[in-house]
Every structure is written in structure tokens, then in C-alpha cells.
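Undergrad: Sharing final_10.pdb (PDB, C-alpha atoms, pLDDT in the B column) below.
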ATOM      1  CA  MET Q   2      77.167  80.862  96.615  1.00 47.00           C
ATOM      2  CA  SER Q   3      76.591  77.260  95.636  1.00 59.00           C
ATOM      3  CA  GLU Q   4      76.795  74.442  98.171  1.00 81.00           C
ATOM      4  CA  ASN Q   5      77.828  72.140  95.319  1.00 88.00           C
ATOM      5  CA  ILE Q   6      81.591  72.278  95.289  1.00 91.00           C
ATOM      6  CA  GLU Q   7      83.845  70.162  93.135  1.00 94.00           C
ATOM      7  CA  GLU Q   8      85.709  67.410  94.956  1.00 95.00           C
ATOM      8  CA  TYR Q   9      89.040  68.609  93.550  1.00 95.00           C
ATOM      9  CA  VAL Q  10      88.452  72.014  95.168  1.00 95.00           C
ATOM     10  CA  VAL Q  11      87.822  70.389  98.553  1.00 95.00           C
ATOM     11  CA  ASP Q  12      90.896  68.172  98.055  1.00 96.00           C
ATOM     12  CA  ALA Q  13      93.036  71.241  97.332  1.00 95.00           C
ATOM     13  CA  TRP Q  14      91.636  72.998 100.427  1.00 95.00           C
ATOM     14  CA  ILE Q  15      92.391  70.022 102.648  1.00 96.00           C
ATOM     15  CA  ALA Q  16      95.932  69.668 101.255  1.00 96.00           C
ATOM     16  CA  LEU Q  17      96.600  73.371 101.771  1.00 95.00           C
ATOM     17  CA  LEU Q  18      95.439  73.300 105.398  1.00 95.00           C
ATOM     18  CA  ARG Q  19      97.269  70.069 106.199  1.00 97.00           C
ATOM     19  CA  ALA Q  20     100.507  71.389 104.686  1.00 95.00           C
ATOM     20  CA  LYS Q  21     100.179  74.623 106.677  1.00 93.00           C
ATOM     21  CA  ASP Q  22      99.381  72.770 109.899  1.00 95.00           C
ATOM     22  CA  ALA Q  23     102.245  70.293 109.467  1.00 96.00           C
ATOM     23  CA  SER Q  24     104.748  73.049 108.673  1.00 95.00           C
ATOM     24  CA  LEU Q  25     103.705  75.243 111.593  1.00 93.00           C
ATOM     25  CA  ALA Q  26     103.647  72.279 113.973  1.00 95.00           C
ATOM     26  CA  TYR Q  27     107.233  71.483 112.959  1.00 97.00           C
ATOM     27  CA  VAL Q  28     108.325  75.087 113.582  1.00 96.00           C
ATOM     28  CA  GLU Q  29     106.427  75.294 116.908  1.00 96.00           C
ATOM     29  CA  LYS Q  30     108.039  72.060 118.127  1.00 97.00           C
ATOM     30  CA  SER Q  31     111.480  73.243 117.005  1.00 97.00           C
ATOM     31  CA  LEU Q  32     111.063  76.535 118.873  1.00 97.00           C
ATOM     32  CA  LYS Q  33     109.873  74.711 122.006  1.00 97.00           C
ATOM     33  CA  ASP Q  34     112.696  72.143 121.792  1.00 98.00           C
ATOM     34  CA  ASN Q  35     115.167  75.051 121.694  1.00 97.00           C
ATOM     35  CA  GLY Q  36     113.631  76.740 124.742  1.00 97.00           C
ATOM     36  CA  LEU Q  37     112.218  79.621 122.702  1.00 98.00           C
ATOM     37  CA  PRO Q  38     108.840  81.363 122.845  1.00 97.00           C
ATOM     38  CA  PRO Q  39     105.907  80.264 120.676  1.00 94.00           C
ATOM     39  CA  PHE Q  40     105.666  81.141 116.999  1.00 93.00           C
ATOM     40  CA  ALA Q  41     102.997  83.831 117.529  1.00 91.00           C
ATOM     41  CA  TRP Q  42     105.584  85.858 119.442  1.00 94.00           C
ATOM     42  CA  TYR Q  43     107.932  85.843 116.459  1.00 94.00           C
ATOM     43  CA  ASP Q  44     105.367  87.358 114.141  1.00 90.00           C
ATOM     44  CA  VAL Q  45     104.693  90.337 116.435  1.00 93.00           C
ATOM     45  CA  LEU Q  46     108.391  90.856 117.217  1.00 95.00           C
ATOM     46  CA  TRP Q  47     109.187  90.795 113.488  1.00 93.00           C
ATOM     47  CA  GLU Q  48     106.593  93.498 112.753  1.00 92.00           C
ATOM     48  CA  LEU Q  49     107.957  95.627 115.606  1.00 94.00           C
ATOM     49  CA  ASP Q  50     111.562  95.073 114.510  1.00 95.00           C
ATOM     50  CA  LYS Q  51     110.651  96.203 110.966  1.00 93.00           C
ATOM     51  CA  ALA Q  52     108.957  99.315 112.379  1.00 93.00           C
ATOM     52  CA  GLY Q  53     112.139 100.323 114.215  1.00 92.00           C
ATOM     53  CA  ASP Q  54     112.189 103.145 116.744  1.00 90.00           C
ATOM     54  CA  ALA Q  55     108.851 104.502 115.518  1.00 88.00           C
ATOM     55  CA  GLY Q  56     107.102 101.376 116.781  1.00 91.00           C
ATOM     56  CA  LEU Q  57     103.516 100.521 115.983  1.00 90.00           C
ATOM     57  CA  ARG Q  58     100.117 101.122 117.473  1.00 90.00           C
ATOM     58  CA  PRO Q  59      98.364  97.914 118.575  1.00 88.00           C
ATOM     59  CA  PHE Q  60      95.702  98.351 115.880  1.00 85.00           C
ATOM     60  CA  GLU Q  61      98.471  98.469 113.255  1.00 87.00           C
ATOM     61  CA  ILE Q  62      99.806  95.134 114.506  1.00 87.00           C
ATOM     62  CA  GLU Q  63      96.257  93.772 114.556  1.00 83.00           C
ATOM     63  CA  GLN Q  64      95.799  94.750 110.894  1.00 79.00           C
ATOM     64  CA  GLN Q  65      98.918  92.773 109.930  1.00 76.00           C
ATOM     65  CA  LYS Q  66      98.109  89.690 112.001  1.00 73.00           C
ATOM     66  CA  LEU Q  67      95.064  87.481 112.134  1.00 59.00           C
ATOM     67  CA  LEU Q  68      94.488  88.075 115.826  1.00 65.00           C
ATOM     68  CA  SER Q  69      91.492  89.481 117.611  1.00 69.00           C
ATOM     69  CA  GLN Q  70      92.028  92.657 119.631  1.00 73.00           C
ATOM     70  CA  TYR Q  71      91.651  90.670 122.858  1.00 75.00           C
ATOM     71  CA  SER Q  72      94.196  88.019 121.801  1.00 84.00           C
ATOM     72  CA  LEU Q  73      96.639  90.672 120.666  1.00 86.00           C
ATOM     73  CA  SER Q  74      96.291  92.600 123.939  1.00 88.00           C
ATOM     74  CA  ARG Q  75      97.078  89.438 125.918  1.00 92.00           C
ATOM     75  CA  LEU Q  76     100.023  88.611 123.653  1.00 93.00           C
ATOM     76  CA  LEU Q  77     101.426  92.142 123.928  1.00 94.00           C
ATOM     77  CA  GLY Q  78     101.099  91.883 127.703  1.00 94.00           C
ATOM     78  CA  ARG Q  79     103.112  88.644 127.747  1.00 96.00           C
ATOM     79  CA  LEU Q  80     105.772  90.129 125.459  1.00 97.00           C
ATOM     80  CA  GLU Q  81     106.001  93.224 127.659  1.00 96.00           C
ATOM     81  CA  LYS Q  82     106.278  91.125 130.821  1.00 97.00           C
ATOM     82  CA  ALA Q  83     109.112  89.141 129.186  1.00 97.00           C
ATOM     83  CA  GLY Q  84     110.922  92.427 128.473  1.00 97.00           C
ATOM     84  CA  TYR Q  85     110.667  92.101 124.677  1.00 98.00           C
ATOM     85  CA  LEU Q  86     108.651  95.267 124.069  1.00 96.00           C
ATOM     86  CA  VAL Q  87     107.683  98.499 125.748  1.00 96.00           C
ATOM     87  CA  LYS Q  88     104.417 100.387 125.585  1.00 92.00           C
ATOM     88  CA  THR Q  89     104.434 104.164 125.749  1.00 89.00           C
ATOM     89  CA  GLN Q  90     101.709 106.770 125.476  1.00 87.00           C
ATOM     90  CA  CYS Q  91     101.058 107.692 121.876  1.00 80.00           C
ATOM     91  CA  GLN Q  92     102.105 111.294 121.212  1.00 76.00           C
ATOM     92  CA  SER Q  93      99.327 111.930 118.681  1.00 74.00           C
ATOM     93  CA  ASP Q  94      96.565 110.202 120.656  1.00 71.00           C
ATOM     94  CA  GLY Q  95      96.749 110.280 124.443  1.00 66.00           C
ATOM     95  CA  ARG Q  96      94.291 107.393 124.686  1.00 73.00           C
ATOM     96  CA  GLY Q  97      96.483 104.986 122.729  1.00 80.00           C
ATOM     97  CA  HIS Q  98      99.840 103.303 123.090  1.00 86.00           C
ATOM     98  CA  GLN Q  99     102.876 103.003 120.897  1.00 91.00           C
ATOM     99  CA  VAL Q 100     104.640  99.636 121.051  1.00 93.00           C
ATOM    100  CA  THR Q 101     108.356  99.272 120.359  1.00 95.00           C
ATOM    101  CA  ILE Q 102     110.696  96.321 120.449  1.00 97.00           C
ATOM    102  CA  THR Q 103     113.478  96.267 123.045  1.00 97.00           C
ATOM    103  CA  PRO Q 104     117.053  95.088 122.454  1.00 97.00           C
ATOM    104  CA  GLN Q 105     116.073  91.885 124.313  1.00 98.00           C
ATOM    105  CA  GLY Q 106     113.139  91.510 121.923  1.00 98.00           C
ATOM    106  CA  GLN Q 107     115.434  91.920 118.933  1.00 98.00           C
ATOM    107  CA  ALA Q 108     117.819  89.331 120.355  1.00 98.00           C
ATOM    108  CA  ILE Q 109     115.096  86.737 121.002  1.00 98.00           C
ATOM    109  CA  ARG Q 110     113.587  87.369 117.562  1.00 98.00           C
ATOM    110  CA  GLU Q 111     116.999  86.674 115.999  1.00 98.00           C
ATOM    111  CA  GLN Q 112     117.340  83.468 118.035  1.00 98.00           C
ATOM    112  CA  MET Q 113     113.854  82.439 116.978  1.00 98.00           C
ATOM    113  CA  TRP Q 114     114.641  83.214 113.329  1.00 98.00           C
ATOM    114  CA  ALA Q 115     117.644  80.874 113.423  1.00 98.00           C
ATOM    115  CA  VAL Q 116     115.289  78.018 114.398  1.00 98.00           C
ATOM    116  CA  TYR Q 117     112.340  79.210 112.288  1.00 97.00           C
ATOM    117  CA  SER Q 118     114.440  79.509 109.124  1.00 97.00           C
ATOM    118  CA  ARG Q 119     115.687  75.939 109.593  1.00 97.00           C
ATOM    119  CA  GLY Q 120     112.029  74.882 109.876  1.00 96.00           C
ATOM    120  CA  ILE Q 121     111.190  76.615 106.600  1.00 96.00           C
ATOM    121  CA  GLN Q 122     114.120  74.855 104.956  1.00 97.00           C
ATOM    122  CA  ALA Q 123     113.143  71.461 106.396  1.00 97.00           C
ATOM    123  CA  THR Q 124     109.450  71.698 105.507  1.00 96.00           C
ATOM    124  CA  ILE Q 125     109.730  73.384 102.113  1.00 96.00           C
ATOM    125  CA  GLY Q 126     113.302  73.916 100.923  1.00 96.00           C
ATOM    126  CA  ASP Q 127     114.361  70.308 101.403  1.00 97.00           C
ATOM    127  CA  ARG Q 128     111.222  68.995  99.680  1.00 97.00           C
ATOM    128  CA  LEU Q 129     110.754  71.345  96.732  1.00 96.00           C
ATOM    129  CA  ASN Q 130     113.270  72.616  94.202  1.00 97.00           C
ATOM    130  CA  GLU Q 131     113.531  76.268  93.193  1.00 97.00           C
ATOM    131  CA  GLN Q 132     111.122  75.923  90.281  1.00 98.00           C
ATOM    132  CA  GLU Q 133     108.529  74.168  92.463  1.00 97.00           C
ATOM    133  CA  CYS Q 134     108.859  76.858  95.137  1.00 96.00           C
ATOM    134  CA  ARG Q 135     108.307  79.561  92.532  1.00 97.00           C
ATOM    135  CA  GLN Q 136     105.313  77.665  91.114  1.00 96.00           C
ATOM    136  CA  LEU Q 137     103.847  77.253  94.584  1.00 95.00           C
ATOM    137  CA  ARG Q 138     104.224  80.981  95.249  1.00 94.00           C
ATOM    138  CA  HIS Q 139     102.581  81.732  91.901  1.00 95.00           C
ATOM    139  CA  ILE Q 140      99.680  79.365  92.611  1.00 94.00           C
ATOM    140  CA  LEU Q 141      99.110  80.652  96.148  1.00 93.00           C
ATOM    141  CA  GLY Q 142      99.378  84.340  95.212  1.00 91.00           C
ATOM    142  CA  PRO Q 143      95.731  84.790  94.236  1.00 91.00           C
ATOM    143  CA  LEU Q 144      94.621  83.064  97.451  1.00 90.00           C
ATOM    144  CA  MET Q 145      96.348  85.636  99.660  1.00 83.00           C
ATOM    145  CA  HIS Q 146      94.134  88.537  98.668  1.00 73.00           C
ATOM    146  CA  GLU Q 147      90.554  89.051  99.777  1.00 65.00           C
ATOM    147  CA  LYS Q 148      87.934  88.651  97.129  1.00 62.00           C
ATOM    148  CA  SER Q 149      85.019  91.038  97.257  1.00 54.00           C
ATOM    149  CA  ASP Q 150      81.555  89.546  96.971  1.00 52.00           C
ATOM    150  CA  ALA Q 151      80.365  92.047  94.356  1.00 43.00           C
TER     151      ALA Q 151
END
Go ahead and express the file in the form of C-alpha cells.

TA:
Amino acid sequence: MSENIEEYVVDAWIALLRAKDASLAYVEKSLKDNGLPPFAWYDVLWELDKAGDAGLRPFEIEQQKLLSQYSLSRLLGRLEKAGYLVKTQCQSDGRGHQVTITPQGQAIREQMWAVYSRGIQATIGDRLNEQECRQLRHILGPLMHEKSDA
């Protein structure tokens, strides 16, 4: 891979990261100002809520999130201590755990979504029209999939 990269590519990279950081900082502050847990909790609770009663194995959550196994284990521990999830022995693998969301976890996720969704609206919906949002999604689509180095 070449070390010579076009300036416009670097500019696009910087804009993408700054926009992401600014948007997430706004959401994090909004959650904190409303006495709610940090954003990372929402992501895990959302995955568990989608999984329903079947729950998920920690490695399945890890595959969906960009968290190391150690970070995820600590996060799951904090969520369990808060009463937002339960860990049970996995029926198919006695060494593993199944993680399911509790009613309290569903309730806090819904409270977080009320604040989070307002953050999405404030950082994107209030600044871009429908066509621009669709264009942005179209432009970012190819960036969300890993490229193999064949």
C-alpha cells in the first residue's frame, strides 16, 4: 500500500472522524445530563433486546460490537450488577454463558433511546434534509464493509 495518499482522501477521513466524534459526544453528554448510563451500554442492551428470550452468547455480542473480549466482559459485569441483564449457563456448552436482558434493562434501554433518538435528530436530522441523509447513507455504505487485501 502506498504511503502517498491524496490530500482530499485525508480531508474526507478527518471530516468523517470529527463528525462521528462530535455526534457521539453530543449523545454521551445528553445521556449523562439525563442521568442515564453511557452510550456503550445502549448498544449492548439493544442487541440483547433484539435477541429476546433466547439471549446471546458473549462472543456473539463481541462480533456485533467493536469491543475486545476483556472490555466486553467488564461491560457485561457492570450491566449485570445494575440489574439490566442476567447470565445463565449455556445449555449447549456448559463452559459458556447465555446473556439475556431483564425487564429493567429493557426499560433503561427505552429511556436511553428517547434521549439517543433526540441526539440523532439534533446532530443529523436537523442539519441534513432527507435527500442529503440518503446520499450520506449511500456514500458511507461501501465504507462499512471490510475490504480484503487480495

Undergrad: Which residues are close to Q:Leu80, i.e. within 8 Å by all atoms listed in the file, leaving aside same-chain residues fewer than 5 positions away? Reply as a PyMOL selection string.

TA: chain Q and resi 42+85-86

Undergrad: May I ask for the distance between atom CA of Q:Val116 and atom CA of Q:Val45, given in Å to one decimal place?

TA: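 For atom CA of Q:Val116 relative to atom CA of Q:Val45, the distance reads 16.4 Å.
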
Undergrad: Residues within 7 Å of Q:Gly84, please, as a list in words. Count all atoms listed in the file; anything in the same chain fewer than 3 positions from it doesn't count.

TA: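 In the requested form, the answer reads Leu80, Glu81, Gln105 and Gly106 of chain Q.
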
Undergrad: Any chance you could work out the residue set of the PyMOL selection byres ((chain Q and resi 20-32) around 8) here, as a ChimeraX atom specification?

TA: /Q:16-19,33-40,113,116-117,120-121,124

Undergrad: Please expand the PyMOL selection byres ((chain Q and resi 107) around 10) into the concrete residues it hits in this file, giving the result as a ChimeraX atom specification.

TA: /Q:43,46-47,49-50,85-86,102-106,108-113

Undergrad: With all atoms listed in the file counted, which protein, DNA or RNA residues have an atom no more than 10 Å from (109.5, 105.2, 122.0) in the file frame? Please answer as an NGL selection string.

TA: :Q and (53-57 or 87-92 or 98-103)

Undergrad: Between atom CA of Q:Gln136 and atom CA of Q:Tyr9, what distance in Å does the model show, to one decimal?

TA: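 Interatomic distance here is 18.8 Å.
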
Undergrad: Between atom CA of Q:Ala83 and atom CA of Q:Gln122, what is the distance, to one decimal in Å?

TA: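 These atoms are spaced 28.6 Å apart.
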
Undergrad: Between Q:Glu4, Q:Glu48, Q:Glu131, Q:Asp94, which is the closest to Q:Gln65 once you count all atoms listed in the file?

TA: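 Ranking Q:Glu4, Q:Glu48, Q:Glu131, Q:Asp94 by distance to Q:Gln65, first place goes to Q:Glu48.
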
Undergrad: Determine the nearest neighbour of Q:Trp114 from the options Q:Ile140, Q:Ala13, Q:Ile6, Q:Asp44, counting all atoms listed in the file.

TA: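 Looking only at the distances to Q:Trp114, the closest residue turns out to be Q:Asp44.
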